[in-house]
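J.: Have a look at the structure that comes next, please.
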Amino acid sequence: MATLEEQFNIRLNAFLALTGMSPTTLGMLAVGDPNLLRQIERGRSPSLRTADRVLEFISACELDSGGARAPPRQRGRARPATRARKARRGGAMTKNASDKRTKRATRLLRVSEVQARTSLGRSTIYRWAAEGRFPAPIWLSERVVRWIEAEVDEWVRKRLEKSRGGDASAIRN
């Protein structure tokens, strides 16, 4: 049986291999430390909080596209695609490549962000979600809960319309 650290490394390496994302990019996007994975390779054990943040990022990427997603575009000159990278991506150009570029990414909100957008308390948000009066959360792990931004924004918009008597002109998009 593999230890937790070994399981973490296996999941991390599988994600990197599947997406072709560089370890530096993953470290920067997940926890803001581009050297994290280099340090892990050298024997540093990440804290549980750091490992949770990395796994949460990987799960969010997998949720966004129903599988692993390609890394976000970086500034500067694009790297020329090698045969190995093209093979991992499934060819030079997929038939849905233009759709992927125009589709807006799904953003997940933390409970603190939901509180700020709705002016509701934490316990009210959870209670109303359980009662069906508020958008249901997504459980990324047993302790990590997120809400879909579009659903929360739609709920706020509907509440504003209801309080204004259907006058949508008073609502800012």
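Please note that chains go A, B, ... in the order of the structure tokens, that every chain numbers its residues from 1, and that ligands are numbered from 1 in the order shown.
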Could you list, as number ranges by chain, every residue within 10 Å of stretch 151-155 of chain A, counting only C-alpha atoms and ignoring same-chain residues fewer than 6 positions away?

T.: A: 108-109, 114, 117-118, 133-137, 161, 173

J.: So that I have them on file, write out the residues from the current selection with C-alpha atoms, as a tab-separated table (two decimals), in the first residue's frame.

T.:
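Resulting contents of again39.tsv:
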chain	number	residue	atom	x	y	z
A	108	LEU	CA	-15.64	28.14	-8.50
A	109	LEU	CA	-16.19	30.39	-5.47
A	114	VAL	CA	-20.19	33.73	-1.78
A	117	ARG	CA	-21.50	38.50	-3.17
A	118	THR	CA	-24.72	37.70	-1.32
A	133	ARG	CA	-33.36	27.91	-1.49
A	134	PHE	CA	-29.78	28.59	-2.66
A	135	PRO	CA	-27.56	26.97	-5.33
A	136	ALA	CA	-26.13	23.65	-4.19
A	137	PRO	CA	-22.38	23.53	-3.52
A	161	GLU	CA	-35.48	41.33	-9.82
A	173	ASN	CA	-24.73	42.88	-15.32

J.: With distances taken over only C-alpha atoms, which of A:Trp128, A:Val111, A:Asn13, A:Asn35 is nearest to A:Val144?

T.: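 The closest residue to A:Val144 is A:Val111.
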
J.: List as an MDAnalysis selection string the protein and nucleic acid residues near A:Val31, meaning an atom at most 9 Å away when only C-alpha atoms are counted, but skip any in the same chain fewer than 2 places from it.

T.: chainID A and resid 26:29 33:34 36 50 53:54 57

J.: Could you state the separation of atom CA of A:Ala14 and atom CA of A:Arg143 in Å, given to one decimal place?

T.: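 Distance reported for this atom pair: 23.2 Å.
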
J.: Could you please write out, as a PyMOL selection string, every residue of stretch 5-52 of chain A that DSSP assigns to helix (DSSP H, G or I)?

T.: chain A and resi 5-19+23-31+36-41+48-52

J.: Please provide as a list in words all residues within 10 Å of A:Pro46, with the sequence filter that same-chain residues fewer than 4 positions apart are discarded (counting only C-alpha atoms).

T.: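 Result of the neighbour search: Glu5, Phe8, Leu36, Leu37, Gln39, Ile40, Thr50, Ala51, Asp52 and Val54 of chain A.
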
J.: Nearest to A:Glu6 among A:Ser45, A:Thr25, A:Ser123, A:Thr19, with distances taken over only C-alpha atoms: which residue is it?

T.: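 Closest to A:Glu6, using only C-alpha atoms: A:Ser45.
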
J.: Which residue gives the smallest distance to A:Arg146 among A:Arg164, A:Lys158, A:Arg110, A:Arg11, with only C-alpha atoms counted?

T.: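 Closest candidate: A:Arg110.
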
J.: For atom CA of A:Ala150 and atom CA of A:Ala116, quote the distance in Å rounded to one decimal.

T.: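 Here the two named atoms are 14.8 Å from each other.
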
J.: By how many Å are atom CA of A:Thr106 and atom CA of A:Glu149 apart?

T.: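 Between atom CA of A:Thr106 and atom CA of A:Glu149 the gap works out to 7.3 Å.
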